[in-house]
$ cat start23.csv   # CSV, C-alpha atoms and all ligand atoms
chain,number,residue,atom,x,y,z
A,15,MET,CA,0.0,0.0,0.0
A,16,ASP,CA,1.4,3.4,-0.9
A,17,MET,CA,1.8,6.2,1.8
A,18,THR,CA,-1.1,8.2,0.4
A,19,SER,CA,-3.6,5.4,0.8
A,20,MET,CA,-2.1,4.5,4.2
A,21,THR,CA,-2.7,8.1,5.4
A,22,ALA,CA,-6.2,8.1,4.0
A,23,ILE,CA,-7.0,5.1,6.3
A,24,THR,CA,-5.0,6.0,9.4
A,25,ALA,CA,-5.5,9.8,9.3
A,26,PRO,CA,-8.6,10.5,7.1
A,27,LEU,CA,-9.0,14.0,8.5
A,28,MET,CA,-5.4,15.1,8.0
A,29,GLY,CA,-5.2,18.7,6.9
A,30,ARG,CA,-8.7,19.5,8.2
A,31,VAL,CA,-9.2,22.2,10.8
A,32,ALA,CA,-11.9,21.5,13.4
A,33,ILE,CA,-13.5,23.7,16.2
A,34,ILE,CA,-15.2,21.8,19.0
A,35,THR,CA,-17.1,24.1,21.3
A,36,GLY,CA,-17.2,23.1,25.0
A,37,SER,CA,-14.3,20.7,24.6
A,38,THR,CA,-12.5,21.3,27.9
A,39,SER,CA,-14.6,18.5,29.4
A,40,GLY,CA,-16.9,15.5,28.7
A,41,ILE,CA,-18.3,14.8,25.2
A,42,GLY,CA,-16.6,17.7,23.5
A,43,LEU,CA,-13.2,16.6,24.8
A,44,GLY,CA,-13.9,13.0,23.6
A,45,ILE,CA,-14.9,14.3,20.2
A,46,ALA,CA,-11.8,16.5,20.0
A,47,ARG,CA,-9.6,13.6,20.9
A,48,ALA,CA,-11.2,11.4,18.2
A,49,LEU,CA,-10.9,14.1,15.5
A,50,ALA,CA,-7.2,14.7,16.5
A,51,GLU,CA,-6.5,11.0,16.3
A,52,ALA,CA,-8.0,11.1,12.8
A,53,GLY,CA,-5.5,13.8,11.9
A,54,ALA,CA,-7.4,17.0,12.1
A,55,ASP,CA,-5.9,20.2,13.7
A,56,ILE,CA,-8.0,21.2,16.7
A,57,VAL,CA,-9.3,24.3,18.3
A,58,LEU,CA,-10.4,23.5,21.8
A,59,ASN,CA,-12.9,25.8,23.5
A,60,GLY,CA,-14.6,25.9,26.9
A,61,LEU,CA,-14.4,27.3,30.4
A,62,GLY,CA,-12.4,26.0,33.3
A,63,ASP,CA,-9.1,26.3,35.1
A,64,LEU,CA,-6.6,27.7,32.6
A,65,GLY,CA,-3.7,25.6,34.0
A,66,GLN,CA,-5.7,22.4,33.6
A,67,ILE,CA,-6.8,23.4,30.1
A,68,GLU,CA,-3.2,24.0,29.1
A,69,THR,CA,-2.3,20.5,30.4
A,70,THR,CA,-5.2,19.0,28.3
A,71,ARG,CA,-4.1,21.0,25.2
A,72,SER,CA,-0.5,20.0,25.4
A,73,GLU,CA,-1.2,16.3,26.2
A,74,LEU,CA,-3.6,16.1,23.2
A,75,ALA,CA,-1.0,17.7,20.9
A,76,ALA,CA,1.8,15.4,22.1
A,77,ALA,CA,-0.3,12.3,21.8
A,78,THR,CA,-1.6,12.9,18.3
A,79,GLY,CA,1.0,15.2,16.6
A,80,VAL,CA,-1.6,17.6,15.3
A,81,GLN,CA,-1.8,21.3,16.1
A,82,VAL,CA,-4.1,21.9,19.1
A,83,ASN,CA,-5.0,25.5,19.9
A,84,TYR,CA,-7.3,26.8,22.7
A,85,ASN,CA,-9.8,29.7,22.4
A,86,GLY,CA,-11.6,30.7,25.6
A,87,ALA,CA,-14.6,32.4,23.9
A,88,ASN,CA,-17.6,32.6,26.2
A,89,LEU,CA,-20.4,31.4,24.0
A,90,LEU,CA,-23.2,32.9,26.0
A,91,ASP,CA,-22.4,36.0,23.9
A,92,GLY,CA,-23.2,35.6,20.2
A,93,ALA,CA,-20.4,38.0,19.2
A,94,ASP,CA,-17.9,35.8,21.0
A,95,ALA,CA,-19.3,32.6,19.3
A,96,ALA,CA,-18.8,34.3,15.9
A,97,ALA,CA,-15.3,35.5,16.9
A,98,LEU,CA,-14.3,31.9,17.8
A,99,VAL,CA,-14.8,31.0,14.2
A,100,THR,CA,-13.2,34.2,12.7
A,101,ASP,CA,-10.2,33.9,15.0
A,102,THR,CA,-9.8,30.3,13.8
A,103,ILE,CA,-10.0,31.3,10.1
A,104,ASN,CA,-7.4,34.0,10.8
A,105,GLU,CA,-5.1,31.5,12.5
A,106,PHE,CA,-5.4,28.5,10.2
A,107,GLY,CA,-6.7,30.2,7.0
A,108,LYS,CA,-9.8,28.1,7.0
A,109,ILE,CA,-12.5,26.2,8.9
A,110,ASP,CA,-13.5,22.7,7.8
A,111,ILE,CA,-15.3,21.1,10.7
A,112,LEU,CA,-17.5,22.8,13.3
A,113,VAL,CA,-18.8,20.8,16.3
A,114,ASN,CA,-21.4,22.8,18.2
A,115,ASN,CA,-21.2,20.9,21.5
A,116,ALA,CA,-21.1,23.4,24.4
A,117,GLY,CA,-24.2,23.0,26.6
A,118,ILE,CA,-25.6,23.5,30.0
A,119,GLN,CA,-28.6,22.0,31.9
A,120,HIS,CA,-30.9,23.1,34.6
A,121,VAL,CA,-33.7,20.9,36.1
A,122,SER,CA,-36.7,22.6,37.7
A,123,PRO,CA,-40.5,22.4,37.5
A,124,VAL,CA,-41.7,24.9,34.9
A,125,GLU,CA,-43.5,27.2,37.3
A,126,ASP,CA,-40.3,27.7,39.3
A,127,PHE,CA,-37.9,27.7,36.4
A,128,PRO,CA,-35.4,30.6,36.9
A,129,VAL,CA,-35.8,33.0,34.0
A,130,ASP,CA,-32.0,33.7,33.9
A,131,LYS,CA,-31.4,29.9,33.5
A,132,TRP,CA,-33.9,29.7,30.7
A,133,ASN,CA,-32.1,32.6,28.9
A,134,ALA,CA,-28.7,31.1,29.4
A,135,ILE,CA,-29.8,27.7,28.1
A,136,GLN,CA,-31.3,29.2,25.0
A,137,ALA,CA,-28.1,31.4,24.5
A,138,LEU,CA,-25.6,28.5,24.9
A,139,ASN,CA,-27.5,25.4,23.7
A,140,LEU,CA,-29.2,27.0,20.7
A,141,SER,CA,-28.1,30.5,19.7
A,142,ALA,CA,-24.4,29.9,20.0
A,143,SER,CA,-24.7,27.1,17.4
A,144,PHE,CA,-26.5,29.6,15.1
A,145,HIS,CA,-23.8,32.3,15.6
A,146,ALA,CA,-20.9,29.9,15.0
A,147,THR,CA,-22.6,28.3,12.0
A,148,ARG,CA,-23.4,31.7,10.6
A,149,ALA,CA,-19.7,32.7,10.9
A,150,ALA,CA,-18.4,29.5,9.4
A,151,PHE,CA,-20.9,28.8,6.6
A,152,GLY,CA,-19.6,31.2,4.0
A,153,ALA,CA,-16.0,29.9,4.2
A,154,MET,CA,-17.2,26.3,4.0
A,155,LYS,CA,-19.4,27.0,1.0
A,156,SER,CA,-16.5,28.8,-0.8
A,157,ALA,CA,-14.2,25.9,-0.1
A,158,GLY,CA,-16.8,23.4,-1.4
A,159,TRP,CA,-16.4,21.2,1.7
A,160,GLY,CA,-17.6,21.5,5.3
A,161,ARG,CA,-19.0,19.4,8.2
A,162,ILE,CA,-21.2,20.8,10.9
A,163,ILE,CA,-22.1,18.5,13.8
A,164,ASN,CA,-24.6,19.7,16.4
A,165,LEU,CA,-24.7,17.9,19.8
A,166,ALA,CA,-28.5,17.8,20.4
A,167,SER,CA,-29.8,15.0,22.6
A,168,VAL,CA,-32.6,12.5,22.9
A,169,HIS,CA,-34.3,15.6,24.4
A,170,GLY,CA,-34.2,17.1,20.9
A,171,LEU,CA,-36.7,14.3,19.9
A,172,ILE,CA,-38.7,13.7,23.1
A,173,ALA,CA,-39.2,15.4,26.4
A,174,SER,CA,-38.7,14.6,30.1
A,175,PRO,CA,-40.4,16.6,32.9
A,176,TYR,CA,-38.5,19.5,34.6
A,177,LYS,CA,-36.2,20.2,31.6
A,178,SER,CA,-38.3,22.7,29.7
A,179,ALA,CA,-35.5,25.0,28.7
A,180,TYR,CA,-33.2,22.2,27.7
A,181,VAL,CA,-35.8,20.3,25.7
A,182,ALA,CA,-37.0,23.5,24.0
A,183,ALA,CA,-33.4,24.4,23.0
A,184,LYS,CA,-32.5,20.9,21.8
A,185,HIS,CA,-35.7,20.7,19.6
A,186,GLY,CA,-34.6,24.1,18.2
A,187,VAL,CA,-31.1,22.6,17.4
A,188,LEU,CA,-32.8,19.9,15.3
A,189,GLY,CA,-34.7,22.6,13.3
A,190,LEU,CA,-31.4,24.5,12.8
A,191,THR,CA,-29.7,21.3,11.7
A,192,LYS,CA,-32.3,20.5,9.0
A,193,THR,CA,-32.3,24.0,7.6
A,194,VAL,CA,-28.5,24.3,7.4
A,195,GLY,CA,-28.3,20.8,5.9
A,196,LEU,CA,-30.6,22.0,3.1
A,197,GLU,CA,-28.7,25.2,2.6
A,198,GLY,CA,-25.3,23.4,2.4
A,199,ALA,CA,-26.5,20.5,0.2
A,200,GLN,CA,-25.2,21.7,-3.1
A,201,PHE,CA,-22.0,23.0,-1.7
A,202,GLY,CA,-20.4,19.9,-0.1
A,203,VAL,CA,-21.4,21.1,3.3
A,204,THR,CA,-23.3,18.7,5.6
A,205,CYS,CA,-25.0,19.5,8.9
A,206,ASN,CA,-26.1,16.7,11.2
A,207,ALA,CA,-27.2,16.4,14.8
A,208,ILE,CA,-26.1,13.6,17.2
A,209,CYS,CA,-28.8,12.8,19.8
A,210,PRO,CA,-27.1,11.0,22.7
A,211,GLY,CA,-28.9,9.3,25.5
A,212,TYR,CA,-27.2,9.5,28.9
A,213,VAL,CA,-23.5,9.8,28.6
A,214,TRP,CA,-21.4,9.7,31.8
A,215,THR,CA,-19.9,13.3,32.0
A,216,PRO,CA,-19.7,16.1,34.5
A,217,LEU,CA,-23.0,17.5,33.1
A,218,VAL,CA,-24.9,14.3,34.0
A,219,GLU,CA,-23.2,14.0,37.4
A,220,GLY,CA,-24.2,17.6,38.1
A,221,GLN,CA,-27.9,17.0,37.5
A,222,ILE,CA,-28.2,13.9,39.7
A,223,GLU,CA,-28.5,16.0,42.9
A,224,ASP,CA,-31.0,18.4,41.3
A,225,THR,CA,-33.2,15.6,40.0
A,226,ALA,CA,-33.1,13.9,43.3
A,227,LYS,CA,-34.3,17.1,44.9
A,228,ALA,CA,-37.0,17.8,42.3
A,229,ARG,CA,-38.4,14.2,42.6
A,230,GLY,CA,-37.7,13.7,46.3
A,231,ILE,CA,-35.7,10.5,45.8
A,232,SER,CA,-32.1,9.2,46.4
A,233,ARG,CA,-29.1,9.5,44.2
A,234,ASP,CA,-29.0,5.8,43.4
A,235,ASP,CA,-32.7,5.9,42.5
A,236,VAL,CA,-32.0,8.8,40.1
A,237,ILE,CA,-29.2,6.7,38.4
A,238,ASN,CA,-31.1,3.4,38.1
A,239,ASN,CA,-34.8,4.4,38.0
A,240,VAL,CA,-34.7,7.8,36.2
A,241,LEU,CA,-31.5,8.1,34.1
A,242,LEU,CA,-31.0,4.5,32.9
A,243,ALA,CA,-34.7,3.6,33.2
A,244,ALA,CA,-35.4,4.8,29.7
A,245,GLN,CA,-32.1,3.5,28.2
A,246,PRO,CA,-32.7,-0.2,27.2
A,247,THR,CA,-29.0,-1.1,27.1
A,248,LYS,CA,-28.8,-0.1,30.8
A,249,ARG,CA,-25.4,1.4,30.3
A,250,PHE,CA,-24.2,4.9,29.8
A,251,VAL,CA,-23.1,5.9,26.3
A,252,THR,CA,-19.3,6.7,26.2
A,253,VAL,CA,-17.5,9.8,24.9
A,254,GLU,CA,-15.4,7.4,22.8
A,255,GLU,CA,-18.5,6.2,21.0
A,256,LEU,CA,-19.6,9.7,20.2
A,257,GLY,CA,-16.0,10.5,19.0
A,258,ALA,CA,-16.2,7.6,16.5
A,259,VAL,CA,-19.6,8.7,15.2
A,260,SER,CA,-18.3,12.2,14.7
A,261,VAL,CA,-15.2,11.0,12.7
A,262,PHE,CA,-17.6,9.0,10.5
A,263,LEU,CA,-19.9,12.0,9.9
A,264,CYS,CA,-16.8,14.0,8.9
A,265,SER,CA,-15.7,11.3,6.4
A,266,GLU,CA,-16.2,11.2,2.7
A,267,SER,CA,-18.4,8.2,3.1
A,268,ALA,CA,-20.9,10.3,5.0
A,269,ARG,CA,-21.3,13.0,2.3
A,270,SER,CA,-24.9,12.0,1.5
A,271,ILE,CA,-25.9,12.2,5.1
A,272,THR,CA,-27.2,15.6,5.9
A,273,GLY,CA,-30.0,17.2,8.0
A,274,VAL,CA,-30.4,14.1,10.1
A,275,ALA,CA,-30.8,13.6,13.8
A,276,LEU,CA,-28.9,10.5,14.7
A,277,PRO,CA,-29.8,8.9,18.1
A,278,VAL,CA,-26.9,7.3,19.9
A,279,ASP,CA,-29.1,6.4,22.8
A,280,GLY,CA,-29.0,2.6,23.5
A,281,GLY,CA,-32.5,2.3,22.1
A,282,TRP,CA,-34.2,5.0,24.2
A,283,THR,CA,-36.1,6.6,21.4
A,284,SER,CA,-37.2,3.3,19.8
A,285,GLN,CA,-39.7,2.8,22.6
A,301,LIG,P1,-19.9,19.0,30.3
A,301,LIG,O1,-20.5,19.9,31.3
A,301,LIG,O2,-19.1,17.9,30.6
A,301,LIG,O3,-19.1,19.9,29.2
A,301,LIG,C1,-19.7,21.1,28.8
A,301,LIG,C2,-18.6,21.9,28.1
A,301,LIG,O4,-19.2,23.2,27.7
A,301,LIG,C3,-17.4,22.2,29.0
A,301,LIG,O5,-16.2,22.2,28.2
A,301,LIG,C4,-17.7,23.7,29.4
A,301,LIG,O6,-16.5,24.4,29.8
A,301,LIG,C5,-18.3,24.2,28.2
A,301,LIG,N1,-19.1,25.4,28.5
A,301,LIG,C6,-20.0,25.7,29.4
A,301,LIG,N2,-20.4,26.9,29.4
A,301,LIG,C7,-19.8,27.5,28.3
A,301,LIG,C8,-19.7,28.8,27.8
A,301,LIG,N3,-20.5,29.8,28.3
A,301,LIG,N4,-18.9,29.1,26.7
A,301,LIG,C9,-18.1,28.1,26.2
A,301,LIG,N5,-18.1,26.9,26.7
A,301,LIG,C10,-18.9,26.6,27.8
A,301,LIG,O7,-21.2,18.5,29.3
A,301,LIG,P2,-21.3,17.2,28.4
A,301,LIG,O8,-22.1,16.2,29.1
A,301,LIG,O9,-20.1,16.8,27.8
A,301,LIG,O10,-22.3,17.8,27.3
A,301,LIG,C11,-21.9,18.3,26.0
A,301,LIG,C12,-23.1,18.4,25.1
A,301,LIG,O11,-23.7,17.2,24.9
A,301,LIG,C13,-24.1,19.4,25.6
A,301,LIG,O12,-24.6,20.1,24.5
A,301,LIG,C14,-25.2,18.5,26.2
A,301,LIG,O13,-26.4,19.1,26.2
A,301,LIG,C15,-25.1,17.3,25.2
A,301,LIG,N6,-25.6,16.1,25.7
A,301,LIG,C16,-25.1,15.5,26.9
A,301,LIG,C17,-25.6,14.3,27.3
A,301,LIG,C18,-25.0,13.6,28.5
A,301,LIG,O14,-25.6,12.6,29.0
A,301,LIG,N7,-23.9,14.0,29.1
A,301,LIG,C19,-26.7,13.7,26.7
A,301,LIG,C20,-27.2,14.3,25.6
A,301,LIG,C21,-26.7,15.5,25.1
$ encode --input "start23.csv" --output "structure tokens"
Amino acid sequence: MDMTSMTAITAPLMGRVAIITGSTSGIGLGIARALAEAGADIVLNGLGDLGQIETTRSELAAATGVQVNYNGANLLDGADAAALVTDTINEFGKIDILVNNAGIQHVSPVEDFPVDKWNAIQALNLSASFHATRAAFGAMKSAGWGRIINLASVHGLIASPYKSAYVAAKHGVLGLTKTVGLEGAQFGVTCNAICPGYVWTPLVEGQIEDTAKARGISRDDVINNVLLAAQPTKRFVTVEELGAVSVFLCSESARSITGVALPVDGGWTSQ
């Protein structure tokens, strides 16, 4: 086998530039790792301790040999979400892959739902994806190639009680995904949503206490009888599985897949 075919197999995304929002933790970091292992240069984004983020950045660069940058844009602000993309285009000369992953959750009965939490969830989980997509789309269209992946959720397809803001935002993400998929169809730009069931990350860990309080049950009851109750496989989805799905959606083989909502949910939404 010649070197070119070898590289196409081992590093299918070599030469691509990918932004993954919210990639200092959880699913975003898992996807960033998988894209880097597939050869793409990476822009990490997210909040957190700057020393820890630098350790993550340098370890990922050393392990994969790709360029890994960090951009600390706070995506609650639409202008910052757009600047994350324009900064990347200025640094790398292009943007090939945009993974809109950053998200937050808040669990509360609707009549008590804090208005500031509602607004923050719409801003980060829905509007930031619009602002980043808006900033990247022209460059992808001109290049004749692009991949946009939105991290929605099973809660983009169905609801659970006490998650009004999250469910509303994630349903909105699927609407954005379909529309952008149509607009990119003739330009080599695909836009798809991944709809995970429960993935073991800090976001899920953080909502266990809130759900326990809202329902008046124990932590173990939340894990076994609320979280995994709806997931027929009875195991959490892993960030590695979501990384592999993302690499596939970025591949040439996936060029006819656009505008879809792909559940990775252990059968949850089949019920
Ligand atoms: P997480 O809390 O582990 O990570 C969230 C990331 O977003 C972090 O890197 C954090 O720093 C970043 N972030 C938070 N606020 C930000 C801001 N204002 N600006 C920029 N970055 C910000 O969460 P996760 O579980 O990895 O979730 C990632 C995505 O997957 C979210 O959109 C979430 O809704 C979705 N999702 C998660 C699950 C799950 O079970 N964990 C299931 C379905 C969908």
$ atom_distance --input "start23.csv" --atom1 "CA of Val194 (chain A)" --atom2 "CA of Val129 (chain A)"
28.9 Å
$ residues_around --input "start23.csv" --residues "Trp159 (chain A)" --least-positions-apart "4" --cutoff "10 Å" --atoms "only C-alpha atoms" --output "list in words"
Ile109, Asp110, Ile111, Ala153, Met154, Lys155, Gly198, Phe201, Gly202, Val203, Thr204 and Arg269 of chain A
$ write_last_selection --input "start23.csv" --atoms "C-alpha atoms" --output "PDB file, in the coordinates of the input"
ATOM      1  CA  ILE A 109     -12.500  26.200   8.900  1.00  0.00           C
ATOM      2  CA  ASP A 110     -13.500  22.700   7.800  1.00  0.00           C
ATOM      3  CA  ILE A 111     -15.300  21.100  10.700  1.00  0.00           C
ATOM      4  CA  ALA A 153     -16.000  29.900   4.200  1.00  0.00           C
ATOM      5  CA  MET A 154     -17.200  26.300   4.000  1.00  0.00           C
ATOM      6  CA  LYS A 155     -19.400  27.000   1.000  1.00  0.00           C
ATOM      7  CA  GLY A 198     -25.300  23.400   2.400  1.00  0.00           C
ATOM      8  CA  PHE A 201     -22.000  23.000  -1.700  1.00  0.00           C
ATOM      9  CA  GLY A 202     -20.400  19.900  -0.100  1.00  0.00           C
ATOM     10  CA  VAL A 203     -21.400  21.100   3.300  1.00  0.00           C
ATOM     11  CA  THR A 204     -23.300  18.700   5.600  1.00  0.00           C
ATOM     12  CA  ARG A 269     -21.300  13.000   2.300  1.00  0.00           C
TER      13      ARG A 269
END
$ closest_residue --input "start23.csv" --among "A:Ala75, A:Ala134, A:Ala268, A:Val278" --to "Pro246 (chain A)" --atoms "only C-alpha atoms"
A:Val278
$ closest_atom_pairs --input "start23.csv" --of "chain A" --to "ligand LIG 301 (chain A)" --cutoff "7 Å" --atoms "all atoms listed in the file" --output "tab-separated table"
residue	atom	partner	partner_atom	distance
A:Thr35	CA	A:LIG301	N5	6.2
A:Gly36	CA	A:LIG301	O4	3.4
A:Ser37	CA	A:LIG301	O5	4.3
A:Thr38	CA	A:LIG301	O5	3.8
A:Ser39	CA	A:LIG301	O5	4.2
A:Gly40	CA	A:LIG301	O9	3.6
A:Ile41	CA	A:LIG301	O9	3.7
A:Gly42	CA	A:LIG301	O9	5.6
A:Asn59	CA	A:LIG301	N5	6.2
A:Gly60	CA	A:LIG301	N5	3.6
A:Leu61	CA	A:LIG301	O6	3.6
A:Gly62	CA	A:LIG301	O6	5.6
A:Ala87	CA	A:LIG301	C9	6.0
A:Asn88	CA	A:LIG301	N4	3.8
A:Leu89	CA	A:LIG301	N4	3.9
A:Leu90	CA	A:LIG301	N3	4.7
A:Asn115	CA	A:LIG301	O12	4.6
A:Ala116	CA	A:LIG301	O4	3.8
A:Gly117	CA	A:LIG301	O12	3.6
A:Ile118	CA	A:LIG301	O13	5.9
A:Gln119	CA	A:LIG301	O13	6.8
A:Leu138	CA	A:LIG301	N3	6.3
A:Asn139	CA	A:LIG301	O12	6.1
A:Leu165	CA	A:LIG301	O12	5.2
A:Ala166	CA	A:LIG301	C21	5.5
A:Ser167	CA	A:LIG301	C21	4.0
A:Val168	CA	A:LIG301	C20	6.3
A:Cys209	CA	A:LIG301	C20	6.2
A:Pro210	CA	A:LIG301	C20	4.4
A:Gly211	CA	A:LIG301	C19	5.1
A:Tyr212	CA	A:LIG301	O14	3.5
A:Val213	CA	A:LIG301	O14	3.5
A:Trp214	CA	A:LIG301	N7	5.7
A:Thr215	CA	A:LIG301	O8	4.7
A:Pro216	CA	A:LIG301	O2	4.3
A:Leu217	CA	A:LIG301	O1	3.9
A:Val218	CA	A:LIG301	N7	5.0
$ atom_distance --input "start23.csv" --atom1 "CA of Asp279 (chain A)" --atom2 "CA of Val261 (chain A)"
17.8 Å
